[in-house]
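The data block below is data-v4.pdb; it holds PDB, C-alpha atoms, pLDDT in the B column.
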ATOM      1  CA  MET A   1       6.462 -18.872 -11.319  1.00 33.00           C
ATOM      2  CA  ARG A   2       8.699 -16.076 -12.557  1.00 36.00           C
ATOM      3  CA  PRO A   3      11.504 -15.239 -10.100  1.00 36.00           C
ATOM      4  CA  TRP A   4      10.044 -11.823  -9.258  1.00 37.00           C
ATOM      5  CA  SER A   5       6.373 -12.807  -9.030  1.00 39.00           C
ATOM      6  CA  ARG A   6       6.590 -13.721  -5.362  1.00 39.00           C
ATOM      7  CA  PHE A   7       7.229 -10.048  -4.602  1.00 44.00           C
ATOM      8  CA  VAL A   8       4.040  -8.757  -6.265  1.00 48.00           C
ATOM      9  CA  CYS A   9       1.917  -9.194  -3.152  1.00 54.00           C
ATOM     10  CA  CYS A  10       2.559  -9.365   0.538  1.00 57.00           C
ATOM     11  CA  ILE A  11       3.830 -12.837   1.386  1.00 47.00           C
ATOM     12  CA  LEU A  12       2.247 -14.923   4.117  1.00 43.00           C
ATOM     13  CA  VAL A  13       4.784 -13.970   6.759  1.00 40.00           C
ATOM     14  CA  SER A  14       3.260 -10.474   6.680  1.00 42.00           C
ATOM     15  CA  LEU A  15       0.457 -11.896   8.780  1.00 42.00           C
ATOM     16  CA  VAL A  16       2.844 -12.082  11.710  1.00 39.00           C
ATOM     17  CA  GLY A  17       5.208  -9.274  10.819  1.00 41.00           C
ATOM     18  CA  GLY A  18       5.962  -6.788  13.566  1.00 44.00           C
ATOM     19  CA  TRP A  19       7.387  -3.361  14.190  1.00 41.00           C
ATOM     20  CA  SER A  20      11.084  -2.702  14.528  1.00 41.00           C
ATOM     21  CA  VAL A  21      11.108   1.029  14.144  1.00 43.00           C
ATOM     22  CA  GLY A  22      14.013   3.329  14.906  1.00 40.00           C
ATOM     23  CA  GLU A  23      11.983   6.554  14.785  1.00 40.00           C
ATOM     24  CA  SER A  24      11.370   7.353  18.441  1.00 33.00           C
ATOM     25  CA  ARG A  25      12.017  11.079  18.407  1.00 34.00           C
ATOM     26  CA  ALA A  26       8.819  12.753  19.593  1.00 32.00           C
ATOM     27  CA  ALA A  27       9.196  15.783  17.341  1.00 34.00           C
ATOM     28  CA  GLU A  28       9.317  13.550  14.264  1.00 42.00           C
ATOM     29  CA  LEU A  29       6.313  11.347  14.979  1.00 44.00           C
ATOM     30  CA  GLN A  30       3.779  13.466  13.099  1.00 51.00           C
ATOM     31  CA  SER A  31       3.166  13.984   9.384  1.00 53.00           C
ATOM     32  CA  PRO A  32       4.550  17.351   8.175  1.00 65.00           C
ATOM     33  CA  ASP A  33       1.050  18.652   7.291  1.00 76.00           C
ATOM     34  CA  GLY A  34      -0.904  16.399   9.622  1.00 81.00           C
ATOM     35  CA  SER A  35      -2.446  14.289   6.857  1.00 95.00           C
ATOM     36  CA  PHE A  36      -1.990  10.662   5.847  1.00 97.00           C
ATOM     37  CA  PHE A  37      -1.168  11.586   2.256  1.00 97.00           C
ATOM     38  CA  GLY A  38       1.262  14.197   3.518  1.00 97.00           C
ATOM     39  CA  GLU A  39       3.043  11.496   5.508  1.00 97.00           C
ATOM     40  CA  VAL A  40       3.208   9.143   2.526  1.00 98.00           C
ATOM     41  CA  SER A  41       4.540  11.910   0.262  1.00 97.00           C
ATOM     42  CA  HIS A  42       7.052  12.945   2.925  1.00 96.00           C
ATOM     43  CA  GLU A  43       8.436   9.420   3.239  1.00 98.00           C
ATOM     44  CA  PHE A  44       8.858   9.152  -0.533  1.00 98.00           C
ATOM     45  CA  LYS A  45      10.436  12.581  -0.982  1.00 97.00           C
ATOM     46  CA  THR A  46      12.820  12.457   1.980  1.00 97.00           C
ATOM     47  CA  MET A  47      13.885   8.817   2.020  1.00 98.00           C
ATOM     48  CA  THR A  48      17.545   8.045   1.493  1.00 98.00           C
ATOM     49  CA  ALA A  49      17.107   4.257   1.352  1.00 98.00           C
ATOM     50  CA  THR A  50      14.186   1.860   0.946  1.00 98.00           C
ATOM     51  CA  ARG A  51      13.750  -1.887   0.512  1.00 98.00           C
ATOM     52  CA  TYR A  52      10.863  -4.322   0.324  1.00 97.00           C
ATOM     53  CA  GLN A  53      10.962  -6.680   3.295  1.00 96.00           C
ATOM     54  CA  HIS A  54       8.473  -8.190   5.723  1.00 93.00           C
ATOM     55  CA  LYS A  55       9.999  -6.837   8.910  1.00 95.00           C
ATOM     56  CA  THR A  56       9.260  -3.134   9.286  1.00 96.00           C
ATOM     57  CA  GLU A  57      12.520  -1.314  10.003  1.00 97.00           C
ATOM     58  CA  VAL A  58      12.355   2.468   9.861  1.00 97.00           C
ATOM     59  CA  ASP A  59      14.998   4.993  10.839  1.00 97.00           C
ATOM     60  CA  ARG A  60      13.059   8.170  10.236  1.00 96.00           C
ATOM     61  CA  ALA A  61      15.924  10.532  11.117  1.00 95.00           C
ATOM     62  CA  ALA A  62      18.174   8.791   8.590  1.00 97.00           C
ATOM     63  CA  GLY A  63      15.441   8.525   5.950  1.00 97.00           C
ATOM     64  CA  SER A  64      15.562   4.722   5.832  1.00 98.00           C
ATOM     65  CA  TYR A  65      12.281   2.914   5.130  1.00 98.00           C
ATOM     66  CA  ARG A  66      12.284  -0.862   4.876  1.00 98.00           C
ATOM     67  CA  TYR A  67       8.869  -2.531   4.930  1.00 98.00           C
ATOM     68  CA  ASP A  68       6.355  -4.462   2.833  1.00 97.00           C
ATOM     69  CA  CYS A  69       3.044  -3.153   1.484  1.00 97.00           C
ATOM     70  CA  VAL A  70       1.054  -3.322   4.725  1.00 98.00           C
ATOM     71  CA  GLY A  71       4.090  -2.324   6.760  1.00 98.00           C
ATOM     72  CA  PHE A  72       4.225   0.874   4.688  1.00 98.00           C
ATOM     73  CA  VAL A  73       0.488   1.591   5.007  1.00 98.00           C
ATOM     74  CA  SER A  74       0.372   0.766   8.708  1.00 98.00           C
ATOM     75  CA  TYR A  75       3.455   2.816   9.559  1.00 97.00           C
ATOM     76  CA  ALA A  76       2.091   5.863   7.716  1.00 97.00           C
ATOM     77  CA  LEU A  77      -1.296   5.532   9.443  1.00 97.00           C
ATOM     78  CA  ARG A  78       0.337   5.183  12.832  1.00 96.00           C
ATOM     79  CA  GLN A  79       2.382   8.339  12.218  1.00 95.00           C
ATOM     80  CA  SER A  80      -0.307  10.595  10.791  1.00 96.00           C
ATOM     81  CA  ALA A  81      -3.793   9.270  11.588  1.00 96.00           C
ATOM     82  CA  PRO A  82      -3.823   7.805  15.125  1.00 96.00           C
ATOM     83  CA  GLN A  83      -7.635   7.595  15.323  1.00 97.00           C
ATOM     84  CA  ALA A  84      -7.846   5.769  11.996  1.00 98.00           C
ATOM     85  CA  TRP A  85      -5.069   3.409  13.086  1.00 97.00           C
ATOM     86  CA  ALA A  86      -6.767   2.767  16.442  1.00 97.00           C
ATOM     87  CA  SER A  87     -10.001   1.845  14.654  1.00 98.00           C
ATOM     88  CA  VAL A  88      -8.177  -0.657  12.438  1.00 98.00           C
ATOM     89  CA  VAL A  89      -6.393  -2.204  15.418  1.00 97.00           C
ATOM     90  CA  ALA A  90      -9.634  -2.589  17.376  1.00 97.00           C
ATOM     91  CA  ALA A  91     -11.772  -3.865  14.491  1.00 97.00           C
ATOM     92  CA  CYS A  92      -9.143  -6.345  13.285  1.00 96.00           C
ATOM     93  CA  SER A  93      -8.068  -7.439  16.800  1.00 96.00           C
ATOM     94  CA  ILE A  94      -4.423  -6.630  16.072  1.00 96.00           C
ATOM     95  CA  ARG A  95      -1.968  -7.319  18.881  1.00 94.00           C
ATOM     96  CA  LYS A  96       0.444  -4.610  19.960  1.00 90.00           C
ATOM     97  CA  GLY A  97       3.472  -4.540  17.676  1.00 88.00           C
ATOM     98  CA  TYR A  98       1.673  -6.209  14.759  1.00 93.00           C
ATOM     99  CA  PHE A  99      -0.279  -4.983  11.736  1.00 93.00           C
ATOM    100  CA  PRO A 100      -3.148  -6.264   9.535  1.00 97.00           C
ATOM    101  CA  SER A 101      -2.633  -8.426   6.473  1.00 96.00           C
ATOM    102  CA  PRO A 102      -3.995  -7.209   3.103  1.00 97.00           C
ATOM    103  CA  PRO A 103      -7.144  -9.397   3.467  1.00 97.00           C
ATOM    104  CA  ARG A 104      -7.845  -7.872   6.875  1.00 97.00           C
ATOM    105  CA  TYR A 105      -7.504  -4.357   5.484  1.00 98.00           C
ATOM    106  CA  GLN A 106      -9.789  -5.338   2.585  1.00 98.00           C
ATOM    107  CA  THR A 107     -12.428  -6.730   4.938  1.00 98.00           C
ATOM    108  CA  PHE A 108     -12.200  -3.643   7.149  1.00 98.00           C
ATOM    109  CA  PHE A 109     -12.627  -1.269   4.186  1.00 98.00           C
ATOM    110  CA  ALA A 110     -15.500  -3.323   2.750  1.00 98.00           C
ATOM    111  CA  SER A 111     -17.372  -3.017   6.056  1.00 98.00           C
ATOM    112  CA  LEU A 112     -17.114   0.783   6.335  1.00 98.00           C
ATOM    113  CA  ALA A 113     -20.264   1.592   4.357  1.00 97.00           C
ATOM    114  CA  ALA A 114     -22.453  -0.474   6.679  1.00 97.00           C
ATOM    115  CA  LYS A 115     -20.385  -0.048   9.831  1.00 97.00           C
ATOM    116  CA  PRO A 116     -18.675   3.370   9.984  1.00 97.00           C
ATOM    117  CA  GLN A 117     -15.461   3.620  11.975  1.00 98.00           C
ATOM    118  CA  ALA A 118     -13.902   6.668  13.623  1.00 98.00           C
ATOM    119  CA  GLY A 119     -11.234   8.219  11.399  1.00 98.00           C
ATOM    120  CA  TRP A 120     -12.461   6.557   8.205  1.00 98.00           C
ATOM    121  CA  GLN A 121     -14.698   7.202   5.214  1.00 98.00           C
ATOM    122  CA  ALA A 122     -15.915   4.447   2.913  1.00 97.00           C
ATOM    123  CA  VAL A 123     -14.980   4.737  -0.771  1.00 98.00           C
ATOM    124  CA  VAL A 124     -16.940   2.343  -2.962  1.00 97.00           C
ATOM    125  CA  LYS A 125     -16.580   3.508  -6.568  1.00 98.00           C
ATOM    126  CA  VAL A 126     -13.316   3.709  -8.481  1.00 98.00           C
ATOM    127  CA  SER A 127     -14.358   7.105  -9.836  1.00 97.00           C
ATOM    128  CA  GLU A 128     -14.538   8.463  -6.248  1.00 98.00           C
ATOM    129  CA  LEU A 129     -10.955   7.585  -5.297  1.00 98.00           C
ATOM    130  CA  GLN A 130      -8.696  10.459  -4.293  1.00 98.00           C
ATOM    131  CA  PRO A 131      -4.986  10.804  -3.460  1.00 98.00           C
ATOM    132  CA  GLY A 132      -4.444   9.412   0.022  1.00 98.00           C
ATOM    133  CA  ASP A 133      -7.092   6.694  -0.217  1.00 98.00           C
ATOM    134  CA  ILE A 134      -5.916   3.153   0.551  1.00 98.00           C
ATOM    135  CA  VAL A 135      -6.889   0.214  -1.661  1.00 98.00           C
ATOM    136  CA  SER A 136      -6.304  -3.347  -0.494  1.00 98.00           C
ATOM    137  CA  TRP A 137      -7.192  -6.707  -1.969  1.00 98.00           C
ATOM    138  CA  ASP A 138      -7.290 -10.357  -1.029  1.00 97.00           C
ATOM    139  CA  HIS A 139      -5.478 -12.565  -3.541  1.00 92.00           C
ATOM    140  CA  LYS A 140      -4.296 -15.808  -2.022  1.00 85.00           C
ATOM    141  CA  THR A 141      -1.697 -17.903  -3.827  1.00 78.00           C
ATOM    142  CA  GLU A 142       0.837 -20.427  -2.554  1.00 74.00           C
ATOM    143  CA  THR A 143       3.071 -17.591  -1.352  1.00 70.00           C
ATOM    144  CA  ALA A 144       0.955 -14.431  -1.189  1.00 76.00           C
ATOM    145  CA  VAL A 145      -2.158 -13.107   0.497  1.00 91.00           C
ATOM    146  CA  GLY A 146      -2.787  -9.810  -1.312  1.00 96.00           C
ATOM    147  CA  HIS A 147      -1.506  -6.275  -1.594  1.00 97.00           C
ATOM    148  CA  ALA A 148      -2.195  -2.704  -0.478  1.00 98.00           C
ATOM    149  CA  VAL A 149      -1.502   0.609  -2.236  1.00 98.00           C
ATOM    150  CA  VAL A 150      -2.051   4.309  -1.578  1.00 98.00           C
ATOM    151  CA  ILE A 151      -3.681   6.308  -4.351  1.00 98.00           C
ATOM    152  CA  ALA A 152      -1.235   8.967  -5.592  1.00 98.00           C
ATOM    153  CA  GLY A 153      -3.289  10.628  -8.331  1.00 97.00           C
ATOM    154  CA  VAL A 154      -6.857  10.989  -9.548  1.00 97.00           C
ATOM    155  CA  PRO A 155      -7.955   7.841 -11.463  1.00 97.00           C
ATOM    156  CA  LYS A 156      -8.621   8.353 -15.175  1.00 97.00           C
ATOM    157  CA  PRO A 157     -10.790   6.059 -17.334  1.00 96.00           C
ATOM    158  CA  GLU A 158      -8.813   4.287 -20.022  1.00 94.00           C
ATOM    159  CA  GLU A 159     -10.051   5.297 -23.443  1.00 89.00           C
ATOM    160  CA  GLY A 160     -11.855   2.455 -25.193  1.00 85.00           C
ATOM    161  CA  ALA A 161     -11.740   0.133 -22.165  1.00 87.00           C
ATOM    162  CA  ASP A 162     -15.007   0.266 -20.238  1.00 89.00           C
ATOM    163  CA  GLY A 163     -14.516  -0.075 -16.500  1.00 95.00           C
ATOM    164  CA  VAL A 164     -10.700   0.228 -16.585  1.00 97.00           C
ATOM    165  CA  TRP A 165      -9.262   3.174 -14.665  1.00 98.00           C
ATOM    166  CA  LEU A 166      -5.582   4.116 -14.791  1.00 98.00           C
ATOM    167  CA  VAL A 167      -4.139   5.438 -11.560  1.00 98.00           C
ATOM    168  CA  GLU A 168      -0.755   6.257 -10.080  1.00 98.00           C
ATOM    169  CA  VAL A 169      -0.095   4.636  -6.712  1.00 98.00           C
ATOM    170  CA  TYR A 170       2.456   4.597  -3.927  1.00 98.00           C
ATOM    171  CA  ASP A 171       3.374   1.173  -2.562  1.00 98.00           C
ATOM    172  CA  SER A 172       6.229  -0.910  -1.232  1.00 98.00           C
ATOM    173  CA  THR A 173       6.892  -3.801  -3.559  1.00 97.00           C
ATOM    174  CA  GLY A 174       9.539  -5.801  -5.344  1.00 94.00           C
ATOM    175  CA  ALA A 175       7.681  -5.893  -8.682  1.00 94.00           C
ATOM    176  CA  PRO A 176       7.408  -2.676 -10.701  1.00 94.00           C
ATOM    177  CA  HIS A 177       4.249  -1.168 -12.155  1.00 98.00           C
ATOM    178  CA  GLN A 178       4.240   0.802 -15.401  1.00 98.00           C
ATOM    179  CA  ASP A 179       6.333   3.995 -15.422  1.00 98.00           C
ATOM    180  CA  ASP A 180       7.702   2.942 -12.051  1.00 98.00           C
ATOM    181  CA  SER A 181       9.966   5.278 -10.089  1.00 98.00           C
ATOM    182  CA  ARG A 182      11.973   2.433  -8.572  1.00 98.00           C
ATOM    183  CA  ALA A 183      13.603   1.466 -11.854  1.00 95.00           C
ATOM    184  CA  GLU A 184      15.875   4.536 -11.850  1.00 95.00           C
ATOM    185  CA  ASP A 185      15.842   5.401  -8.149  1.00 98.00           C
ATOM    186  CA  SER A 186      19.208   4.728  -6.523  1.00 97.00           C
ATOM    187  CA  ARG A 187      17.536   4.926  -3.105  1.00 98.00           C
ATOM    188  CA  ALA A 188      15.579   1.749  -3.840  1.00 98.00           C
ATOM    189  CA  GLU A 189      17.610  -1.305  -2.881  1.00 97.00           C
ATOM    190  CA  SER A 190      17.409  -4.707  -4.541  1.00 96.00           C
ATOM    191  CA  ILE A 191      16.728  -7.819  -2.492  1.00 91.00           C
ATOM    192  CA  GLU A 192      19.133  -9.929  -4.500  1.00 89.00           C
ATOM    193  CA  PRO A 193      22.405  -8.770  -6.121  1.00 87.00           C
ATOM    194  CA  GLY A 194      21.634  -7.440  -9.565  1.00 86.00           C
ATOM    195  CA  GLY A 195      17.899  -7.764  -9.030  1.00 93.00           C
ATOM    196  CA  ARG A 196      15.094  -5.273  -9.441  1.00 95.00           C
ATOM    197  CA  ARG A 197      15.051  -2.263  -7.163  1.00 97.00           C
ATOM    198  CA  THR A 198      12.447  -2.587  -4.428  1.00 98.00           C
ATOM    199  CA  GLY A 199      10.744  -0.718  -1.603  1.00 98.00           C
ATOM    200  CA  LEU A 200       8.705   2.474  -1.589  1.00 98.00           C
ATOM    201  CA  GLY A 201       7.947   3.970  -4.988  1.00 98.00           C
ATOM    202  CA  ARG A 202       5.344   5.240  -7.419  1.00 98.00           C
ATOM    203  CA  GLY A 203       3.941   3.589 -10.519  1.00 98.00           C
ATOM    204  CA  VAL A 204       0.874   3.290 -12.732  1.00 98.00           C
ATOM    205  CA  MET A 205      -1.575   0.404 -12.482  1.00 98.00           C
ATOM    206  CA  ALA A 206      -5.244  -0.101 -13.363  1.00 98.00           C
ATOM    207  CA  LEU A 207      -8.248  -0.582 -11.115  1.00 98.00           C
ATOM    208  CA  ILE A 208     -11.335  -2.304 -12.470  1.00 98.00           C
ATOM    209  CA  ALA A 209     -14.875  -1.029 -11.877  1.00 98.00           C
ATOM    210  CA  ASP A 210     -17.980  -3.188 -11.941  1.00 97.00           C
ATOM    211  CA  PRO A 211     -19.840  -2.228 -15.163  1.00 93.00           C
ATOM    212  CA  GLY A 212     -23.158  -1.950 -13.347  1.00 95.00           C
ATOM    213  CA  THR A 213     -22.274  -0.211 -10.095  1.00 97.00           C
ATOM    214  CA  GLY A 214     -18.861   1.343 -10.662  1.00 97.00           C
ATOM    215  CA  ALA A 215     -17.608  -0.382  -7.506  1.00 98.00           C
ATOM    216  CA  LEU A 216     -14.084  -1.751  -7.220  1.00 98.00           C
ATOM    217  CA  SER A 217     -13.963  -5.294  -8.579  1.00 98.00           C
ATOM    218  CA  GLY A 218     -10.339  -6.041  -9.505  1.00 98.00           C
ATOM    219  CA  TYR A 219      -6.975  -4.720 -10.653  1.00 98.00           C
ATOM    220  CA  ARG A 220      -4.237  -4.916 -13.243  1.00 97.00           C
ATOM    221  CA  TRP A 221      -0.693  -4.710 -11.902  1.00 97.00           C
ATOM    222  CA  SER A 222       0.118  -2.567 -14.928  1.00 97.00           C
ATOM    223  CA  PRO A 223      -2.376  -1.155 -17.442  1.00 97.00           C
ATOM    224  CA  LYS A 224      -1.747  -3.819 -20.079  1.00 94.00           C
ATOM    225  CA  ALA A 225      -1.559  -6.773 -17.671  1.00 96.00           C
ATOM    226  CA  LYS A 226      -4.318  -9.325 -17.227  1.00 96.00           C
ATOM    227  CA  THR A 227      -7.317  -8.298 -15.140  1.00 96.00           C
ATOM    228  CA  VAL A 228      -7.513 -10.071 -11.782  1.00 96.00           C
ATOM    229  CA  VAL A 229     -10.979 -10.103 -10.192  1.00 97.00           C
ATOM    230  CA  VAL A 230     -10.606 -10.300  -6.397  1.00 97.00           C
ATOM    231  CA  PRO A 231     -12.200  -9.082  -3.173  1.00 98.00           C
ATOM    232  CA  ILE A 232     -10.999  -5.474  -3.172  1.00 98.00           C
ATOM    233  CA  ALA A 233     -12.005  -2.381  -1.211  1.00 98.00           C
ATOM    234  CA  ALA A 234     -10.893   1.147  -0.356  1.00 98.00           C
ATOM    235  CA  GLY A 235     -10.887   3.421   2.681  1.00 98.00           C
ATOM    236  CA  ARG A 236     -10.115   7.079   3.240  1.00 98.00           C
ATOM    237  CA  PRO A 237      -8.355   8.158   6.449  1.00 98.00           C
ATOM    238  CA  THR A 238     -10.072  11.326   7.628  1.00 94.00           C
ATOM    239  CA  ALA A 239      -8.016  12.326  10.677  1.00 69.00           C
TER
END
Can you turn what I pasted into structure tokens?
Amino acid sequence: MRPWSRFVCCILVSLVGGWSVGESRAAELQSPDGSFFGEVSHEFKTMTATRYQHKTEVDRAAGSYRYDCVGFVSYALRQSAPQAWASVVAACSIRKGYFPSPPRYQTFFASLAAKPQAGWQAVVKVSELQPGDIVSWDHKTETAVGHAVVIAGVPKPEEGADGVWLVEVYDSTGAPHQDDSRAEDSRAESIEPGGRRTGLGRGVMALIADPGTGALSGYRWSPKAKTVVVPIAAGRPTA
């Protein structure tokens, strides 16, 4: 295993990760425009420091955001879409102070078409994804359980590659995508001295559509990487 590969997905300790959030100023609890995508964009634009880690530590006033992929998604939902967050907590039986793993998010999103939830809209096809949608997948390895990203731009089909859609995403990770903002972003801290910059950033990856239905079926960490077929699903916060 390459030294950085263990940072690609959320590691198993994310299953029991909890909140440790220094953001308890009432006036700052809401997204600037009241939307989930507005909250995500606000965190990226205003942050002064970010790092990929499994314990969620946020000092909103100082612009410090340290979390893993589901810590990032869960924090942003909690700030901007309380009904959507409450539905996730109830459906996934999440204890107070904890958040869902990537497989739990994936299962929740996959169930939305048949079992609608308050604050959510099902998104089945890659071509229907919009900025602010959340995509999560289940990919168990010896050290990882999956990953979650927020769509940052409209997906575009890759020319000459049927079923491959290129899309810019926001996520918190220690492994860069293509054209990744973290590489040159001094706000993004490395986990190890001299290592890759980590935390919240933007980059380009590919999502794979089933050739028959157009439904999500897999991903590529970067457009030229190997396709990984996994349980994968998307949801759209509507609050």
Residues of region 107-205 of chain A at most 8 Å from region 224-233 of chain A: nearest atom pair and distance in Å, all atoms listed in the file, as CSV:
residue,atom,partner,partner_atom,distance
A:Thr107,CA,A:Ala233,CA,7.5
A:Phe109,CA,A:Ala233,CA,5.5
A:Ala110,CA,A:Ala233,CA,5.4
A:Val123,CA,A:Ala233,CA,7.7
A:Val124,CA,A:Ala233,CA,7.1
A:Val135,CA,A:Ala233,CA,5.8
A:Ser136,CA,A:Ile232,CA,5.8
A:Trp137,CA,A:Ile232,CA,4.2
A:Asp138,CA,A:Pro231,CA,5.5
A:His139,CA,A:Val230,CA,6.3
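Proximity of A:Ala62, A:Val70, A:Val164, A:Ala91 to Gly199 (chain A), computed with only C-alpha atoms, is greatest for A:Val70.
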Contact residues around Tyr75 (chain A) with all atoms listed in the file at 10 Å, ignoring same-chain residues under 6 positions, as an MDAnalysis selection string
chainID A and resid 19 21 39:40 56:58 65 67 81 85 99
Evaluate the PyMOL selection byres ((chain A and resi 238) around 12) on the structure here and hand back the selected residues as a count of residues only.
27
For the structure shown, which residues end up in the PyMOL selection byres ((chain A and resi 184-192) around 12)? Put them as number ranges by chain, please?
A: 3-4, 7, 43-54, 63-67, 172-176, 179-183, 193-202
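Using only C-alpha atoms, the shortest contact distance between Gly38 (chain A) and any of A:Gly214, A:Gly71, A:Pro131, A:Pro100 is found at A:Pro131.
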For Val167 (chain A), the closest of A:Arg95, A:Arg220, A:His147, A:Lys125 counting all atoms listed in the file is A:Arg220
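Note that the spacing between CA of Ser217 (chain A) and CA of Glu168 (chain A) amounts to 17.6 Å.
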Resolved residues for the PyMOL selection byres ((chain A and resi 166) around 9) as a PyMOL selection string:
chain A and resi 154-158+164-165+167-168+204-208+222-223
